[in-house]
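S.K.: Input: one structure, supplied below.
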Amino acid sequence: QLQLVEFGGGLVQPGGSLRLSCAVSGRTLDYYTIGWFRQAPGKEREGVSCIGQSDGNTYYTDSVKGRFTISRDNAKNTVYLQMNSLKPEDTAVYYCAARPTTDTVQAVCFPWRFPSWGQGTQVTVSS
């Protein structure tokens, strides 16, 4: 059974950086598309970034383009989300999720397309 655990959340000042990690166990990461999603209080869960089998197959929501970078290390069964130039509006619980891999991640980077989820990690951007 596929299990996902997020690490790396915390409190950071505006303009700062954090790196989130999603450790996958139970199955090899090679055959899965991984997504990062976030949910702020009172808001719907939204797709932040998704990655297919290679680092070249990625998608970012407009609000994080140029600031966030998603990457994967299949040997470590881990996916990362490097978050730079953080803003208060990035504050949310961040979740990683997995689905069987697909060619076009842009078409599937929505919460309802992912059946397997981690428990989430809180990211707070505040001075």
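A note on labels: chains of the structure tokens are A, B, ... as shown, every chain counts residues from 1, and ligands are counted from 1 in their shown order.
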Write out as JSON, numbers by chain which residues come within 7 Å of A:Ser21 when counting only C-alpha atoms, dropping same-chain ones fewer than 4 positions away.

M.R.: {"A": [6, 7, 8, 78, 79, 80, 81]}

S.K.: With N, CA, C and O atoms retained, export the selected residues as a short mmCIF file (atom, residue, chain, number, x, y, z; two decimals), in the first residue's frame.

M.R.:
```
data_model
loop_
_atom_site.label_atom_id
_atom_site.label_comp_id
_atom_site.auth_asym_id
_atom_site.auth_seq_id
_atom_site.Cartn_x
_atom_site.Cartn_y
_atom_site.Cartn_z
N GLU A 6 4.88 13.94 4.53
CA GLU A 6 5.48 15.23 4.23
C GLU A 6 6.38 15.69 5.37
O GLU A 6 6.07 15.46 6.55
N PHE A 7 7.47 16.35 5.02
CA PHE A 7 8.40 16.94 5.99
C PHE A 7 8.75 18.35 5.53
O PHE A 7 8.69 18.65 4.34
N GLY A 8 9.17 19.19 6.48
CA GLY A 8 9.80 20.44 6.12
C GLY A 8 8.98 21.70 6.31
O GLY A 8 9.48 22.80 6.04
N THR A 78 11.60 10.02 -3.05
CA THR A 78 11.25 11.30 -2.44
C THR A 78 11.02 12.36 -3.51
O THR A 78 11.74 12.40 -4.52
N VAL A 79 10.03 13.19 -3.28
CA VAL A 79 9.74 14.35 -4.13
C VAL A 79 9.90 15.60 -3.27
O VAL A 79 9.49 15.61 -2.10
N TYR A 80 10.46 16.64 -3.87
CA TYR A 80 10.74 17.87 -3.14
C TYR A 80 9.96 19.04 -3.73
O TYR A 80 9.65 19.06 -4.92
N LEU A 81 9.68 20.01 -2.89
CA LEU A 81 9.14 21.28 -3.35
C LEU A 81 9.97 22.38 -2.70
O LEU A 81 9.87 22.63 -1.50
#
```

S.K.: For the helix (DSSP H, G or I) assignment from backbone DSSP, which residues of stretch 30-90 of chain A qualify? Please present them as number ranges by chain.

M.R.: A: 30-31, 62-64, 74-76, 88-90

S.K.: Just N, CA, C and O atoms for this one: save the residues we selected as an mmCIF file, in the first residue's frame.

M.R.:
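Once everything was written out, this is out.cif:
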```cif
data_model
loop_
_atom_site.group_PDB
_atom_site.id
_atom_site.type_symbol
_atom_site.label_atom_id
_atom_site.label_comp_id
_atom_site.auth_asym_id
_atom_site.auth_seq_id
_atom_site.Cartn_x
_atom_site.Cartn_y
_atom_site.Cartn_z
ATOM 1 N N ASP A 30 8.760 5.263 -9.202
ATOM 2 C CA ASP A 30 8.959 5.426 -10.636
ATOM 3 C C ASP A 30 7.649 5.521 -11.428
ATOM 4 O O ASP A 30 7.587 6.196 -12.442
ATOM 5 N N TYR A 31 6.604 4.843 -10.955
ATOM 6 C CA TYR A 31 5.399 4.726 -11.759
ATOM 7 C C TYR A 31 4.283 5.674 -11.322
ATOM 8 O O TYR A 31 3.129 5.488 -11.695
ATOM 9 N N ASP A 62 -0.086 29.357 -11.532
ATOM 10 C CA ASP A 62 0.483 30.655 -11.889
ATOM 11 C C ASP A 62 1.070 31.403 -10.699
ATOM 12 O O ASP A 62 2.097 32.068 -10.814
ATOM 13 N N SER A 63 0.443 31.300 -9.551
ATOM 14 C CA SER A 63 0.864 32.094 -8.405
ATOM 15 C C SER A 63 2.226 31.688 -7.846
ATOM 16 O O SER A 63 2.807 32.436 -7.050
ATOM 17 N N VAL A 64 2.751 30.523 -8.231
ATOM 18 C CA VAL A 64 4.046 30.081 -7.699
ATOM 19 C C VAL A 64 5.123 29.972 -8.769
ATOM 20 O O VAL A 64 6.282 29.667 -8.448
ATOM 21 N N ASN A 74 14.035 9.445 -7.562
ATOM 22 C CA ASN A 74 13.422 8.118 -7.533
ATOM 23 C C ASN A 74 14.244 7.138 -6.698
ATOM 24 O O ASN A 74 13.690 6.223 -6.086
ATOM 25 N N ALA A 75 15.561 7.326 -6.661
ATOM 26 C CA ALA A 75 16.400 6.428 -5.862
ATOM 27 C C ALA A 75 16.087 6.547 -4.377
ATOM 28 O O ALA A 75 16.220 5.582 -3.622
ATOM 29 N N LYS A 76 15.677 7.737 -3.953
ATOM 30 C CA LYS A 76 15.326 7.968 -2.551
ATOM 31 C C LYS A 76 13.830 7.902 -2.315
ATOM 32 O O LYS A 76 13.369 8.138 -1.192
ATOM 33 N N PRO A 88 2.997 35.873 2.416
ATOM 34 C CA PRO A 88 1.971 35.493 3.396
ATOM 35 C C PRO A 88 0.834 34.673 2.778
ATOM 36 O O PRO A 88 0.292 33.783 3.449
ATOM 37 N N GLU A 89 0.511 34.941 1.526
ATOM 38 C CA GLU A 89 -0.569 34.191 0.891
ATOM 39 C C GLU A 89 -0.195 32.749 0.564
ATOM 40 O O GLU A 89 -1.049 31.971 0.125
ATOM 41 N N ASP A 90 1.057 32.379 0.773
ATOM 42 C CA ASP A 90 1.460 30.969 0.627
ATOM 43 C C ASP A 90 1.147 30.157 1.884
ATOM 44 O O ASP A 90 1.318 28.933 1.892
#
```

S.K.: Nearest residue to A:Cys96 out of A:Pro115, A:Pro41, A:Gly10, A:Gly26, using only C-alpha atoms?

M.R.: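 Using only C-alpha atoms, the shortest distance to A:Cys96 belongs to A:Pro115.
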
S.K.: Which residue out of A:Gln13, A:Thr104, A:Ser85, A:Thr28 has the minimum interatomic distance to A:Tyr59 when only C-alpha atoms are used?

M.R.: A:Thr104

S.K.: Would you list the contacts of A:Arg67 as a count of residues only, taking every protein, DNA or RNA residue within 12 Å and counting only C-alpha atoms, but skipping same-chain residues closer than 3 positions in sequence?

M.R.: 21

S.K.: Counting only C-alpha atoms, figure out which residue out of A:Ala23, A:Val125, A:Ile34, A:Leu4 gets nearest to A:Gly47.

M.R.: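 Nearest to A:Gly47: A:Ile34.
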
S.K.: DSSP on the backbone, strand (DSSP E or B) only: what residues of stretch 23-84 of chain A does that give? Format it as a ChimeraX atom specification.

M.R.: /A:23-25,32-39,46-51,58-60,68-73,78-83

S.K.: For A:Gln1, find every residue with an atom within 10 Å (counting only C-alpha atoms), except residues of its own chain fewer than 3 positions away, and show them as a list in words.

M.R.: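 The neighbour list is Ser25, Gly26, Arg27 and Ser116 of chain A.
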
S.K.: Keeping only C-alpha atoms, write those residues as a compact mmCIF listing (two decimals), in the first residue's frame.

M.R.:
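File written: part01.txt
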```txt
# COMPACT_ATOMS: atom_id res chain seq x y z
CA SER A 25 6.91 4.09 0.77
CA GLY A 26 5.16 0.87 -0.07
CA ARG A 27 5.66 1.17 -3.81
CA SER A 116 -3.35 8.66 -2.28
```

S.K.: If you measure from atom CA of A:Tyr32 to atom CA of A:Ala98, what distance in Å do you get, rounded to one decimal?

M.R.: 6.1 Å

S.K.: May I have the residues within 9 Å of A:Pro111 as a list in words, using only C-alpha atoms and disregarding those fewer than 3 positions away in the same chain?

M.R.: Gly35, Phe37, Arg45, Glu46, Gly47, Ala97, Val108, Phe114 and Pro115 of chain A

S.K.: Take the residues from that selection and write them out as a PDB file, in the first residue's frame, keeping all heavy atoms.

M.R.:
```pdb
ATOM      1  N   GLY A  35       1.948  15.088  -6.794  1.00  0.00           N
ATOM      2  CA  GLY A  35       1.499  16.469  -6.755  1.00  0.00           C
ATOM      3  C   GLY A  35       1.652  17.065  -5.366  1.00  0.00           C
ATOM      4  O   GLY A  35       1.565  16.357  -4.361  1.00  0.00           O
ATOM      5  N   PHE A  37      -0.204  19.957  -3.121  1.00  0.00           N
ATOM      6  CA  PHE A  37      -1.434  20.722  -3.023  1.00  0.00           C
ATOM      7  C   PHE A  37      -1.411  21.500  -1.722  1.00  0.00           C
ATOM      8  O   PHE A  37      -0.647  21.173  -0.811  1.00  0.00           O
ATOM      9  CB  PHE A  37      -2.647  19.783  -3.052  1.00  0.00           C
ATOM     10  CG  PHE A  37      -2.730  18.964  -4.309  1.00  0.00           C
ATOM     11  CD1 PHE A  37      -2.014  17.782  -4.426  1.00  0.00           C
ATOM     12  CD2 PHE A  37      -3.500  19.386  -5.372  1.00  0.00           C
ATOM     13  CE1 PHE A  37      -2.057  17.032  -5.597  1.00  0.00           C
ATOM     14  CE2 PHE A  37      -3.564  18.651  -6.542  1.00  0.00           C
ATOM     15  CZ  PHE A  37      -2.837  17.474  -6.652  1.00  0.00           C
ATOM     16  N   ARG A  45      -8.949  23.193  -1.416  1.00  0.00           N
ATOM     17  CA  ARG A  45      -7.615  22.671  -1.700  1.00  0.00           C
ATOM     18  C   ARG A  45      -7.286  22.942  -3.167  1.00  0.00           C
ATOM     19  O   ARG A  45      -8.124  22.731  -4.058  1.00  0.00           O
ATOM     20  CB  ARG A  45      -7.579  21.167  -1.408  1.00  0.00           C
ATOM     21  CG  ARG A  45      -6.190  20.573  -1.370  1.00  0.00           C
ATOM     22  CD  ARG A  45      -6.223  19.160  -0.823  1.00  0.00           C
ATOM     23  NE  ARG A  45      -6.691  19.122   0.564  1.00  0.00           N
ATOM     24  CZ  ARG A  45      -6.652  18.029   1.320  1.00  0.00           C
ATOM     25  NH1 ARG A  45      -6.171  16.896   0.832  1.00  0.00           N
ATOM     26  NH2 ARG A  45      -7.107  18.057   2.559  1.00  0.00           N
ATOM     27  N   GLU A  46      -6.048  23.388  -3.421  1.00  0.00           N
ATOM     28  CA  GLU A  46      -5.657  23.727  -4.783  1.00  0.00           C
ATOM     29  C   GLU A  46      -4.348  23.045  -5.154  1.00  0.00           C
ATOM     30  O   GLU A  46      -3.504  22.763  -4.299  1.00  0.00           O
ATOM     31  CB  GLU A  46      -5.490  25.244  -4.936  1.00  0.00           C
ATOM     32  CG  GLU A  46      -4.370  25.843  -4.124  1.00  0.00           C
ATOM     33  CD  GLU A  46      -4.053  27.285  -4.487  1.00  0.00           C
ATOM     34  OE1 GLU A  46      -4.469  27.748  -5.574  1.00  0.00           O
ATOM     35  OE2 GLU A  46      -3.362  27.946  -3.696  1.00  0.00           O
ATOM     36  N   GLY A  47      -4.184  22.809  -6.444  1.00  0.00           N
ATOM     37  CA  GLY A  47      -2.944  22.248  -6.944  1.00  0.00           C
ATOM     38  C   GLY A  47      -1.859  23.303  -7.011  1.00  0.00           C
ATOM     39  O   GLY A  47      -2.084  24.378  -7.562  1.00  0.00           O
ATOM     40  N   ALA A  97       0.557  14.137  -2.823  1.00  0.00           N
ATOM     41  CA  ALA A  97      -0.377  13.105  -3.242  1.00  0.00           C
ATOM     42  C   ALA A  97       0.191  12.372  -4.448  1.00  0.00           C
ATOM     43  O   ALA A  97       1.053  12.902  -5.156  1.00  0.00           O
ATOM     44  CB  ALA A  97      -1.735  13.721  -3.577  1.00  0.00           C
ATOM     45  N   VAL A 108      -3.838  16.768 -15.051  1.00  0.00           N
ATOM     46  CA  VAL A 108      -4.299  15.986 -13.898  1.00  0.00           C
ATOM     47  C   VAL A 108      -3.965  16.625 -12.563  1.00  0.00           C
ATOM     48  O   VAL A 108      -4.246  16.038 -11.517  1.00  0.00           O
ATOM     49  CB  VAL A 108      -3.720  14.551 -13.924  1.00  0.00           C
ATOM     50  CG1 VAL A 108      -4.145  13.834 -15.186  1.00  0.00           C
ATOM     51  CG2 VAL A 108      -2.203  14.570 -13.754  1.00  0.00           C
ATOM     52  N   PHE A 114      -6.201  12.583  -7.636  1.00  0.00           N
ATOM     53  CA  PHE A 114      -5.165  11.882  -6.874  1.00  0.00           C
ATOM     54  C   PHE A 114      -5.805  11.051  -5.763  1.00  0.00           C
ATOM     55  O   PHE A 114      -6.448  11.593  -4.869  1.00  0.00           O
ATOM     56  CB  PHE A 114      -4.178  12.890  -6.272  1.00  0.00           C
ATOM     57  CG  PHE A 114      -3.214  13.444  -7.262  1.00  0.00           C
ATOM     58  CD1 PHE A 114      -3.623  14.371  -8.207  1.00  0.00           C
ATOM     59  CD2 PHE A 114      -1.893  13.026  -7.274  1.00  0.00           C
ATOM     60  CE1 PHE A 114      -2.734  14.874  -9.149  1.00  0.00           C
ATOM     61  CE2 PHE A 114      -0.990  13.529  -8.193  1.00  0.00           C
ATOM     62  CZ  PHE A 114      -1.410  14.458  -9.136  1.00  0.00           C
ATOM     63  N   PRO A 115      -5.613   9.732  -5.767  1.00  0.00           N
ATOM     64  CA  PRO A 115      -6.249   8.875  -4.762  1.00  0.00           C
ATOM     65  C   PRO A 115      -5.474   8.690  -3.467  1.00  0.00           C
ATOM     66  O   PRO A 115      -6.055   8.295  -2.446  1.00  0.00           O
ATOM     67  CB  PRO A 115      -6.369   7.533  -5.496  1.00  0.00           C
ATOM     68  CG  PRO A 115      -5.231   7.543  -6.456  1.00  0.00           C
ATOM     69  CD  PRO A 115      -5.039   8.972  -6.875  1.00  0.00           C
TER      70      PRO A 115
END
```

S.K.: Counting only C-alpha atoms, figure out which residue out of A:Ser71, A:Gln39, A:Asn77, A:Asn57 gets nearest to A:Thr91.

M.R.: A:Gln39

S.K.: Find, counting only C-alpha atoms, the residue in A:Ala107, A:Leu29, A:Cys22, A:Leu11 that gets nearest to A:Ala92.

M.R.: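 Answer, going by the shortest atom-to-atom distance: A:Leu11.
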